Each structure stands twice: as C-alpha cells, then as structure tokens.
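A.B. asks: Hey, dropping coords26.txt in here, compact mmCIF, C-alpha atoms:
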# COMPACT_ATOMS: atom_id res chain seq x y z
CA MET L 16 -12.46 -2.58 -28.74
CA SER L 17 -8.81 -3.08 -27.88
CA ILE L 18 -7.13 -1.24 -25.02
CA GLU L 19 -3.72 0.16 -25.92
CA LYS L 20 -2.71 0.73 -22.33
CA TYR L 21 -3.74 -1.59 -19.54
CA ILE L 22 -2.81 -1.77 -15.85
CA THR L 23 0.75 -0.38 -16.26
CA PRO L 24 0.92 2.16 -17.74
CA HIS L 25 -2.74 2.92 -17.20
CA SER L 26 -5.36 3.61 -19.81
CA PHE L 27 -6.21 7.09 -18.58
CA ASP L 28 -4.07 10.15 -17.98
CA ALA L 29 -3.71 11.12 -14.32
CA LEU L 30 -3.21 14.85 -14.72
CA GLU L 31 -2.97 15.36 -10.96
CA MET L 32 0.10 13.16 -10.56
CA LYS L 33 2.58 16.02 -10.97
CA ASP L 34 1.00 18.01 -8.12
CA ILE L 35 0.71 14.93 -5.92
CA LEU L 36 4.33 13.89 -6.40
CA GLU L 37 5.50 17.44 -5.69
CA PHE L 38 3.49 17.51 -2.46
CA HIS L 39 4.62 14.00 -1.50
CA ASP L 40 8.23 15.04 -2.01
CA ARG L 41 7.82 17.71 0.67
CA THR L 42 6.74 15.04 3.19
CA LYS L 43 9.76 12.79 2.64
CA LEU L 44 12.49 12.15 5.16
CA LYS L 45 15.84 13.08 3.64
CA PRO L 46 19.30 13.30 5.22
CA ILE L 47 19.02 17.05 5.70
CA SER L 48 15.43 17.03 7.05
CA SER L 49 16.05 14.06 9.36
CA MET L 50 18.25 16.25 11.58
CA SER L 51 15.35 18.53 12.52
CA PHE L 52 13.07 15.46 12.72
CA PHE L 53 15.22 13.85 15.41
CA LEU L 54 15.74 17.12 17.28
CA ARG L 55 12.01 17.77 17.39
CA THR L 56 10.98 14.25 18.43
CA GLY L 57 13.79 14.07 20.99
CA LEU L 58 12.72 17.31 22.64
CA TYR L 59 9.10 16.10 22.70
CA MET L 60 9.93 12.70 24.22
CA ASP L 61 12.14 14.19 26.95
CA SER L 62 9.73 16.92 28.01
CA ILE L 63 7.05 16.88 30.71
CA ARG L 64 4.70 18.55 28.26
CA GLY L 65 5.19 15.70 25.76
CA ALA L 66 4.46 13.09 28.43
CA GLN L 67 1.34 14.98 29.52
CA GLU L 68 0.07 15.15 25.93
CA ALA L 69 0.78 11.46 25.33
CA SER L 70 -1.16 10.54 28.49
CA ARG L 71 -4.22 12.43 27.24
CA ASN L 72 -4.33 11.30 23.62
CA TYR L 73 -8.11 11.22 23.35
CA LYS L 74 -10.81 13.72 22.62
CA ALA L 75 -12.55 15.35 25.57
CA THR L 76 -16.31 14.78 25.29
CA PRO L 77 -19.37 15.66 27.40
CA SER L 78 -20.05 13.17 30.19
CA TYR L 79 -23.85 13.16 29.82
CA ASP L 80 -25.81 10.56 27.82
CA THR L 81 -22.95 8.04 27.94
CA GLU L 82 -23.20 4.40 26.87
CA LEU L 83 -20.88 1.93 28.58
CA ILE L 84 -19.75 -0.78 26.16
CA ASN L 85 -19.68 -4.18 27.84
CA VAL L 86 -19.54 -7.06 25.36
CA ASP L 87 -17.44 -10.19 25.09
CA VAL L 88 -14.59 -10.28 22.56
CA PRO L 89 -13.75 -13.71 21.05
CA GLU L 90 -10.77 -15.15 22.90
CA ARG L 91 -8.47 -15.54 19.89
CA LEU L 92 -9.21 -12.04 18.63
CA TYR L 93 -8.70 -10.61 22.11
CA LYS L 94 -5.35 -12.41 22.42
CA ALA L 95 -4.14 -11.04 19.07
CA ILE L 96 -5.19 -7.50 19.99
CA GLU L 97 -3.56 -7.79 23.39
CA GLN L 98 -0.32 -9.16 21.94
CA ARG L 99 -0.07 -6.50 19.24
CA ARG L 100 2.55 -4.05 20.41
CA SER L 101 5.54 -2.18 19.07
CA CYS L 102 8.55 -4.37 19.79
CA ARG L 103 11.84 -2.47 19.90
CA SER L 104 13.97 -5.27 21.27
CA PHE L 105 14.12 -8.34 19.01
CA ASP L 106 16.15 -11.45 19.82
CA LEU L 107 17.64 -13.65 17.10
CA LYS L 108 18.26 -16.40 19.66
CA LYS L 109 14.54 -17.05 20.00
CA PRO L 110 13.10 -19.67 17.61
CA PHE L 111 11.20 -18.23 14.67
CA ASN L 112 8.55 -20.00 12.61
CA ARG L 113 8.56 -18.57 9.06
CA SER L 114 5.26 -20.34 8.37
CA GLY L 115 3.52 -17.77 10.57
CA LEU L 116 4.94 -15.01 8.40
CA LEU L 117 3.72 -16.74 5.24
CA ARG L 118 0.27 -17.17 6.78
CA SER L 119 0.11 -13.42 7.32
CA LEU L 120 0.81 -12.89 3.62
CA MET L 121 -1.83 -15.46 2.71
CA SER L 122 -4.33 -13.41 4.72
CA CYS L 123 -4.01 -10.75 2.02
CA THR L 124 -5.10 -13.00 -0.85
CA PRO L 125 -8.49 -12.56 -2.56
CA THR L 126 -11.47 -14.01 -0.73
CA ARG L 127 -14.15 -13.43 -3.35
CA LYS L 128 -14.58 -12.80 -7.05
CA ALA L 129 -17.17 -10.80 -8.97
CA GLN L 130 -17.97 -10.01 -12.58
CA ALA L 131 -17.50 -6.44 -13.79
CA HIS L 132 -20.87 -4.86 -14.52
CA VAL L 133 -19.57 -3.38 -17.79
CA ASP L 134 -18.37 -6.72 -19.15
CA ASP L 135 -19.25 -10.10 -17.66
CA SER L 136 -16.09 -11.61 -19.13
CA ILE L 137 -13.98 -9.47 -16.78
CA TYR L 138 -13.59 -10.78 -13.22
CA LEU L 139 -12.58 -8.68 -10.23
CA ASN L 140 -10.71 -10.15 -7.26
CA PHE L 141 -11.44 -8.71 -3.84
CA ARG L 142 -9.11 -9.10 -0.87
CA PRO L 143 -10.24 -9.32 2.78
CA TYR L 144 -9.32 -5.72 3.63
CA PRO L 145 -11.13 -2.63 2.28
CA SER L 146 -9.59 -0.75 -0.64
CA PRO L 147 -10.72 2.38 -2.52
CA GLY L 148 -12.67 1.12 -5.52
CA GLY L 149 -11.03 -2.29 -5.15
CA LEU L 150 -7.93 -0.82 -6.82
CA TYR L 151 -5.40 -1.97 -4.17
CA PRO L 152 -2.68 0.67 -4.63
CA VAL L 153 -0.57 -0.84 -1.82
CA GLU L 154 1.91 -3.57 -2.80
CA ILE L 155 3.63 -5.98 -0.40
CA HIS L 156 7.34 -6.88 -0.48
CA LEU L 157 9.36 -9.15 1.77
CA LEU L 158 12.93 -8.30 2.80
CA GLU L 159 14.69 -11.31 4.33
CA PRO L 160 18.27 -11.68 5.60
CA THR L 161 20.57 -14.27 4.04
CA ASN L 162 24.22 -15.26 4.44
CA ASN L 163 25.07 -12.69 1.76
CA GLY L 164 23.01 -9.76 3.00
CA PHE L 165 19.33 -9.57 2.10
CA GLU L 166 16.89 -10.78 -0.53
CA LEU L 167 13.87 -8.80 -1.71
CA LYS L 168 10.74 -10.57 -2.93
CA TYR L 169 7.42 -9.29 -4.24
CA PHE L 170 4.24 -10.93 -2.93
CA ASN L 171 1.58 -11.52 -5.58
CA PRO L 172 -1.71 -11.90 -3.68
CA ASN L 173 -3.63 -13.17 -6.71
CA THR L 174 -1.36 -16.18 -7.17
CA SER L 175 -0.12 -16.56 -3.56
CA THR L 176 3.48 -16.45 -4.76
CA LEU L 177 6.72 -14.70 -3.82
CA HIS L 178 8.79 -13.41 -6.75
CA MET L 179 12.49 -12.66 -6.37
CA ILE L 180 13.33 -9.06 -7.21
CA ARG L 181 16.84 -8.57 -5.83
CA ARG L 182 19.52 -10.83 -4.36
CA ASP L 183 22.66 -10.07 -2.34
CA ILE L 184 21.53 -6.67 -1.09
CA SER L 185 24.25 -5.38 1.20
CA VAL L 186 23.55 -4.81 4.87
CA THR L 187 24.89 -1.27 4.44
CA GLU L 188 22.31 -0.46 1.76
CA VAL L 189 19.48 -1.65 4.01
CA GLU L 190 20.87 0.32 6.96
CA ASN L 191 21.22 3.50 4.93
CA ALA L 192 17.74 3.19 3.45
CA LEU L 193 15.59 2.01 6.34
CA CYS L 194 17.27 3.41 9.46
CA VAL L 195 17.19 7.17 9.91
CA GLY L 196 19.75 8.14 12.54
CA SER L 197 22.72 6.33 14.05
CA ASP L 198 20.91 3.26 15.49
CA LYS L 199 21.00 0.47 12.88
CA SER L 200 20.29 -2.37 15.31
CA LEU L 201 16.94 -3.32 13.75
CA VAL L 202 18.72 -4.52 10.63
CA HIS L 203 20.75 -6.97 12.73
CA THR L 204 18.19 -8.21 15.27
CA THR L 205 14.95 -8.71 13.32
CA ARG L 206 14.01 -11.61 11.07
CA GLY L 207 13.26 -9.23 8.24
CA ALA L 208 10.85 -6.54 7.15
CA ILE L 209 7.66 -6.20 5.17
CA LEU L 210 7.95 -3.23 2.82
CA LEU L 211 4.70 -1.65 1.71
CA SER L 212 4.87 0.47 -1.42
CA VAL L 213 2.20 2.67 -2.99
CA LEU L 214 1.29 3.01 -6.66
CA TRP L 215 -0.39 6.42 -6.44
CA GLU L 216 -1.62 6.38 -10.02
CA ARG L 217 -3.99 3.46 -9.39
CA THR L 218 -6.30 5.57 -7.24
CA VAL L 219 -5.52 8.99 -8.70
CA ILE L 220 -6.74 7.91 -12.14
CA LYS L 221 -10.20 7.19 -10.73
CA TYR L 222 -10.48 9.66 -7.86
CA GLY L 223 -8.25 12.53 -8.92
CA ILE L 224 -6.48 14.42 -6.16
CA ALA L 225 -8.47 12.50 -3.51
CA GLY L 226 -6.76 9.33 -4.73
CA TYR L 227 -3.68 10.37 -2.75
CA ARG L 228 -5.71 10.36 0.47
CA PHE L 229 -7.34 7.02 -0.34
CA ALA L 230 -3.98 5.36 -1.01
CA LEU L 231 -2.65 6.56 2.35
CA ILE L 232 -5.77 5.23 4.09
CA GLU L 233 -5.17 1.80 2.56
CA LEU L 234 -1.53 1.93 3.65
CA GLY L 235 -2.70 2.15 7.25
CA ILE L 236 -5.34 -0.55 6.75
CA VAL L 237 -2.82 -3.05 5.34
CA SER L 238 -0.32 -2.26 8.10
CA GLN L 239 -2.90 -2.92 10.81
CA HIS L 240 -4.22 -6.02 9.03
CA LEU L 241 -0.76 -7.59 8.82
CA SER L 242 0.19 -6.53 12.35
CA LEU L 243 -2.83 -8.28 13.88
CA ILE L 244 -2.34 -11.45 11.85
CA LEU L 245 1.35 -11.55 12.79
CA ALA L 246 0.42 -11.06 16.45
CA ASP L 247 -1.96 -14.00 16.15
CA GLN L 248 0.99 -16.03 14.84
CA ASP L 249 3.12 -15.01 17.87
CA ILE L 250 5.37 -12.79 15.76
CA GLU L 251 6.47 -9.43 17.16
CA THR L 252 6.33 -6.36 14.93
CA LEU L 253 7.41 -2.74 14.76
CA ASN L 254 5.62 -0.44 12.35
CA TRP L 255 8.30 1.93 11.18
CA GLY L 256 8.31 5.28 9.43
CA ALA L 257 11.88 6.42 10.12
CA PHE L 258 13.27 5.54 6.70
CA TYR L 259 14.65 7.62 3.86
CA ASP L 260 11.90 7.67 1.22
CA ASP L 261 14.10 7.96 -1.85
CA LYS L 262 16.65 5.37 -0.68
CA GLY L 263 13.84 3.04 0.36
CA THR L 264 12.24 3.34 -3.07
CA ASP L 265 15.63 2.64 -4.66
CA LEU L 266 15.90 -0.44 -2.44
CA LEU L 267 12.68 -1.69 -4.04
CA GLY L 268 14.06 -1.01 -7.50
CA ALA L 269 10.93 1.04 -8.16
CA ASP L 270 10.37 3.97 -10.50
CA PRO L 271 9.74 6.87 -8.06
CA SER L 272 7.44 8.59 -10.55
CA LEU L 273 5.07 5.61 -10.27
CA GLU L 274 5.77 3.82 -6.98
CA THR L 275 7.26 4.82 -3.64
CA LEU L 276 7.99 3.09 -0.34
CA GLY L 277 5.17 3.96 2.06
CA SER L 278 5.71 1.97 5.25
CA VAL L 279 7.91 -0.68 6.86
CA ILE L 280 6.98 -3.47 9.31
CA TRP L 281 9.96 -5.06 11.05
CA TYR L 282 9.18 -8.53 12.39
CA GLY L 283 10.83 -11.16 14.58
CA LYS L 284 10.75 -12.54 18.12
Please lay out the structure from this file as structure tokens.
C.D. replies:
Amino acid sequence: MSIEKYITPHSFDALEMKDILEFHDRTKLKPISSMSFFLRTGLYMDSIRGAQEASRNYKATPSYDTELINVDVPERLYKAIEQRRSCRSFDLKKPFNRSGLLRSLMSCTPTRKAQAHVDDSIYLNFRPYPSPGGLYPVEIHLLEPTNNGFELKYFNPNTSTLHMIRRDISVTEVENALCVGSDKSLVHTTRGAILLSVLWERTVIKYGIAGYRFALIELGIVSQHLSLILADQDIETLNWGAFYDDKGTDLLGADPSLETLGSVIWYGK
C-alpha cells in the first residue's frame, strides 16, 4: 500500500494545529509586547521582592523523614555540571576550538536502531536524548559569523552533516531577529548560535493537543543536552529566549505554519 503523504507533509491531518498555532501566537515576543516584557523583568530584577523570591526558588517541604543524598559523581560529569553557567560576557580574543562545537552536534546523532513492529522493513533511529514517541520535533541549526555577515546551516543528525541554508545574512537581520531590546552585543562577541526550531505537527499528529506540550518538553531537553556537552568541551553558553519569534522564524527561512524558532543557544569563550 503506497503512502501519498510521508514525513512532510504528513500522512494524517492534525486538526488541532489551528488552535495550537493561535495559542502559540499569543506567547510570542513581538516589538509591541517586548516593551511590557522589559518593563516587567526590569522592575522584578531591581526590586527587593524579586531578589527574595530568586533566593528561595525551591518548594518548601516538611523536614521530617528526610534522606540526605551523599554519593560520588563521576569527575568528568561533575566538571561539566559545575562549568555549565549562563555566560553574558564573551570574548572573541580567546582561542576557540570549533571541533568542540561539532562534537556537541555529534552527541545528538542516533545511538541505536530498531525495526518498526508494524513492518520489519522500516527502521527507526533513536537519538541519545528522550523524545515523545521518538518523533524528534526539535531541529538543530547552526548560525556562524563570516566575513560577510552570517551563514545558516541545518544539522542532519541521521547523516552527521551540516547543510547550507542561507549565506551572507546581514548582521542587522540577526540583531533585529535575535536581540530583543537595545543591547545587540551578543551578535558581535559570541562565536555563533545554535537555533532550535520546532515542527509542532510531528507530535500533534500522534498526540493531539498534548503534542504541543511534548514538543516544548523536548525543546528543554535538547537545550540542556547541548549545554552540558558544550560545557564539557570548555565552551561557554547562554540559553536565550529574548528573540522575536516571527523574525527568528524568518531568519530560518521556515514556513511559520509548520515550523517556528523555539530557542537560541549563544556560544563562545
């Protein structure tokens, strides 16, 4: 039996996509909404109340029947965890080893293969991080500076390859898309950015409205996975959400009805 639609566009209709995209649109940062965003976060950061809340960012629990955890953590893992931090001051003068960046991408490639139970001629590739139904709605892109601006490449985890999507992207376009507010310094001081996009339909087709939640969960998983691997490679990172959603999606050259920019990881030294 032949399949008329396969992978993109998908073989099933995701009737919930309209509602999901309408909801997602209300969560986006746009030029008009970013003004209240900065006012609110600024007031929080500069208030005693905000500092008090940030110092108590854990759940209060009863003190009885408590187990103290005292186990050894492998040295290399401990070092990576300890080094993982949000770096807001990158330095282009420091030497940078791009191989470490490429190793972090390689850590997202499939580690095992299995046959589909419905057809043993179909093989499924599973990556090292958990994904809802093994559908992997999060895609990885690499934005790197060049002498003529920036280049955008798509990382294919199944073939361990980078595919050129766009060349000669202007610095202004990157600034206007990825930097909400007046501070554009990240564009000029980092070694580049990993752009994580989400194909909502991949999970919505299987899980319905819950597919939106599952895709967001994977977005966080991939961000943390890459951040720890980059820390292990002595590369500083900054997980970043202060970007304009629509402009960021345009930067990817993506169809916003199918794919949107979900998160940004700036990297450097």
A.B. asks: Step by step, gather every atom of segment 73-86 of chain L that the file lists, find the box along x, y and z that holds them, add 8 Å on each side, and finally give centre and edge lengths in Å to one decimal, as AutoDock Vina command-line options.
C.D. replies:
--center_x -17.0 --center_y 4.3 --center_z 26.4 --size_x 33.7 --size_y 38.7 --size_z 23.6
A.B. asks: Work out how far atom CA of Arg217 of chain L is from atom CA of Ala230 of chain L, in Å to one decimal.
C.D. replies: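 Answer for the atom CA of Ala230 of chain L to atom CA of Arg217 of chain L separation: 8.6 Å.
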A.B. asks: Just the residues within 9 Å of Val219 of chain L, please, counting only C-alpha atoms, with nothing from its chain fewer than 3 positions along; format it as an MDAnalysis selection string.
C.D. replies: chainID L and resid 29:32 215:216 222:227 229:230
A.B. asks: Tell me, as a ChimeraX atom specification, which residues lie within 8 Å of Ile184 of chain L, counting all atoms listed in the file; anything in the same chain fewer than 2 positions away does not count.
C.D. replies: /L:163-167,181-182,186,188-189
A.B. asks: So that each row is one residue of segment 198-263 of chain L with an atom at most 9 Å from segment 79-98 of chain L, can you give its shortest atom pair and the distance in Å to one decimal, using all atoms listed in the file, rows by chain and rising number, as a tab-separated table?
C.D. replies:
residue	atom	partner	partner_atom	distance
L:Leu243	CA	L:Ala95	CA	6.0
L:Ile244	CA	L:Ala95	CA	7.5
L:Leu245	CA	L:Ala95	CA	8.4
L:Ala246	CA	L:Ala95	CA	5.3
L:Asp247	CA	L:Ala95	CA	4.7
L:Gln248	CA	L:Ala95	CA	8.3
L:Asp249	CA	L:Gln98	CA	7.9
L:Glu251	CA	L:Gln98	CA	8.3
A.B. asks: Smallest atom-to-atom distance to Thr187 of chain L: which of L:His203, L:Ser212, L:Leu273, L:Ser49, using only C-alpha atoms?
C.D. replies: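 Closest residue, counting only C-alpha atoms: L:His203.
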A.B. asks: Find the spatial neighbours of Ala192 of chain L, counting all atoms listed in the file, within a cut-off of 12 Å - ignore same-chain residues fewer than 5 positions away - and output them as a ChimeraX atom specification.
C.D. replies: /L:44-46,184-187,199,202,210,256-267,276,279
A.B. asks: Print the selection's residues with C-alpha atoms to a file, as an mmCIF file, in the frame of the given file.
C.D. replies:
data_model
loop_
_atom_site.group_PDB
_atom_site.id
_atom_site.type_symbol
_atom_site.label_atom_id
_atom_site.label_comp_id
_atom_site.auth_asym_id
_atom_site.auth_seq_id
_atom_site.Cartn_x
_atom_site.Cartn_y
_atom_site.Cartn_z
ATOM 1 C CA LEU L 44 12.490 12.150 5.160
ATOM 2 C CA LYS L 45 15.840 13.080 3.640
ATOM 3 C CA PRO L 46 19.300 13.300 5.220
ATOM 4 C CA ILE L 184 21.530 -6.670 -1.090
ATOM 5 C CA SER L 185 24.250 -5.380 1.200
ATOM 6 C CA VAL L 186 23.550 -4.810 4.870
ATOM 7 C CA THR L 187 24.890 -1.270 4.440
ATOM 8 C CA LYS L 199 21.000 0.470 12.880
ATOM 9 C CA VAL L 202 18.720 -4.520 10.630
ATOM 10 C CA LEU L 210 7.950 -3.230 2.820
ATOM 11 C CA GLY L 256 8.310 5.280 9.430
ATOM 12 C CA ALA L 257 11.880 6.420 10.120
ATOM 13 C CA PHE L 258 13.270 5.540 6.700
ATOM 14 C CA TYR L 259 14.650 7.620 3.860
ATOM 15 C CA ASP L 260 11.900 7.670 1.220
ATOM 16 C CA ASP L 261 14.100 7.960 -1.850
ATOM 17 C CA LYS L 262 16.650 5.370 -0.680
ATOM 18 C CA GLY L 263 13.840 3.040 0.360
ATOM 19 C CA THR L 264 12.240 3.340 -3.070
ATOM 20 C CA ASP L 265 15.630 2.640 -4.660
ATOM 21 C CA LEU L 266 15.900 -0.440 -2.440
ATOM 22 C CA LEU L 267 12.680 -1.690 -4.040
ATOM 23 C CA LEU L 276 7.990 3.090 -0.340
ATOM 24 C CA VAL L 279 7.910 -0.680 6.860
#
A.B. asks: To one decimal place, how far is atom CA of Lys43 of chain L from atom CA of Gly207 of chain L in Å?
C.D. replies: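 Calculated distance between atom CA of Lys43 of chain L and atom CA of Gly207 of chain L is 23.0 Å.
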A.B. asks: Compare L:Leu177, L:Leu193, L:Val153, L:Ala269 by their minimum atom-to-atom distance to Glu233 of chain L, counting all atoms listed in the file, and give me the closest one.
C.D. replies: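 That would be L:Val153, the residue with the smallest distance to Glu233 of chain L.
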A.B. asks: Smallest atom-to-atom distance to His156 of chain L: which of L:Ile280, L:Ala75, L:Ile220, L:Ile236, using all atoms listed in the file?
C.D. replies: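 For His156 of chain L, the nearest of the candidates is L:Ile280.
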A.B. asks: Quote the spacing between atom CA of Pro172 of chain L and atom CA of Glu154 of chain L in Å to one decimal place.
C.D. replies: 9.1 Å
A.B. asks: Taking all atoms listed in the file into account, which of L:Thr176, L:Ser278, L:Ser197, L:Asn191 comes nearest Ile209 of chain L?
C.D. replies: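 Answer, going by the shortest atom-to-atom distance: L:Ser278.
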A.B. asks: For Met179 of chain L, which residue out of L:Val133, L:Pro147, L:Leu253, L:Gly268 is the nearest one, using all atoms listed in the file?
C.D. replies: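 Nearest to Met179 of chain L: L:Gly268.
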A.B. asks: Skipping near chain neighbours, those fewer than 2 positions away, what residues fall within 7 Å of Gly277 of chain L using all atoms listed in the file, listed as a list in words?
C.D. replies: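 What passes the distance filter is Leu211, Ser212, Val213 and Thr275 of chain L.
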A.B. asks: Have a look at L:Gly283, L:Pro160, L:Pro143, L:Pro271 and name the one nearest to His240 of chain L; count only C-alpha atoms.
C.D. replies: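 Smallest separation from His240 of chain L among the options: L:Pro143.
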A.B. asks: Some atoms are absent from segment 159-176 of chain L, so rebuild N, CA, C and O atoms and return them as a CSV table (one decimal), keeping the file's coordinate frame.
C.D. replies:
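Saved the output as result39.csv:
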chain,number,residue,atom,x,y,z
L,159,GLU,N,14.2,-10.3,3.4
L,159,GLU,CA,14.7,-11.3,4.3
L,159,GLU,C,16.2,-11.4,4.3
L,159,GLU,O,16.8,-11.3,3.3
L,160,PRO,N,16.8,-11.6,5.5
L,160,PRO,CA,18.3,-11.7,5.6
L,160,PRO,C,18.7,-13.0,5.1
L,160,PRO,O,18.1,-14.1,5.2
L,161,THR,N,19.9,-13.0,4.5
L,161,THR,CA,20.6,-14.3,4.0
L,161,THR,C,22.0,-14.2,4.5
L,161,THR,O,22.5,-13.3,5.1
L,162,ASN,N,22.8,-15.2,4.1
L,162,ASN,CA,24.2,-15.3,4.4
L,162,ASN,C,25.0,-14.2,3.7
L,162,ASN,O,26.1,-13.8,4.1
L,163,ASN,N,24.4,-13.7,2.6
L,163,ASN,CA,25.1,-12.7,1.8
L,163,ASN,C,24.4,-11.3,1.8
L,163,ASN,O,24.5,-10.5,0.9
L,164,GLY,N,23.7,-11.1,2.9
L,164,GLY,CA,23.0,-9.8,3.0
L,164,GLY,C,21.5,-9.9,3.1
L,164,GLY,O,21.0,-10.5,4.1
L,165,PHE,N,20.8,-9.5,2.1
L,165,PHE,CA,19.3,-9.6,2.1
L,165,PHE,C,18.8,-9.9,0.7
L,165,PHE,O,19.5,-9.7,-0.3
L,166,GLU,N,17.6,-10.5,0.7
L,166,GLU,CA,16.9,-10.8,-0.5
L,166,GLU,C,15.6,-10.0,-0.5
L,166,GLU,O,14.9,-9.9,0.6
L,167,LEU,N,15.1,-9.5,-1.6
L,167,LEU,CA,13.9,-8.8,-1.7
L,167,LEU,C,12.9,-9.6,-2.6
L,167,LEU,O,13.3,-9.9,-3.8
L,168,LYS,N,11.7,-9.8,-2.1
L,168,LYS,CA,10.7,-10.6,-2.9
L,168,LYS,C,9.4,-9.8,-3.0
L,168,LYS,O,9.1,-9.1,-2.0
L,169,TYR,N,8.7,-9.9,-4.1
L,169,TYR,CA,7.4,-9.3,-4.2
L,169,TYR,C,6.3,-10.3,-4.0
L,169,TYR,O,6.4,-11.5,-4.5
L,170,PHE,N,5.3,-10.0,-3.2
L,170,PHE,CA,4.2,-10.9,-2.9
L,170,PHE,C,3.1,-10.6,-3.9
L,170,PHE,O,2.5,-9.5,-3.9
L,171,ASN,N,2.7,-11.6,-4.7
L,171,ASN,CA,1.6,-11.5,-5.6
L,171,ASN,C,0.4,-12.2,-4.9
L,171,ASN,O,0.3,-13.4,-4.8
L,172,PRO,N,-0.6,-11.3,-4.4
L,172,PRO,CA,-1.7,-11.9,-3.7
L,172,PRO,C,-2.7,-12.7,-4.5
L,172,PRO,O,-3.4,-13.6,-4.0
L,173,ASN,N,-2.7,-12.5,-5.8
L,173,ASN,CA,-3.6,-13.2,-6.7
L,173,ASN,C,-3.2,-14.6,-7.0
L,173,ASN,O,-4.0,-15.5,-7.3
L,174,THR,N,-1.9,-14.8,-6.9
L,174,THR,CA,-1.4,-16.2,-7.2
L,174,THR,C,-0.7,-16.8,-5.9
L,174,THR,O,-0.2,-17.9,-6.0
L,175,SER,N,-0.7,-16.1,-4.8
L,175,SER,CA,-0.1,-16.6,-3.6
L,175,SER,C,1.3,-17.0,-3.8
L,175,SER,O,1.8,-18.0,-3.3
L,176,THR,N,2.1,-16.1,-4.4
L,176,THR,CA,3.5,-16.4,-4.8
L,176,THR,C,4.4,-15.3,-4.4
L,176,THR,O,4.0,-14.1,-4.4
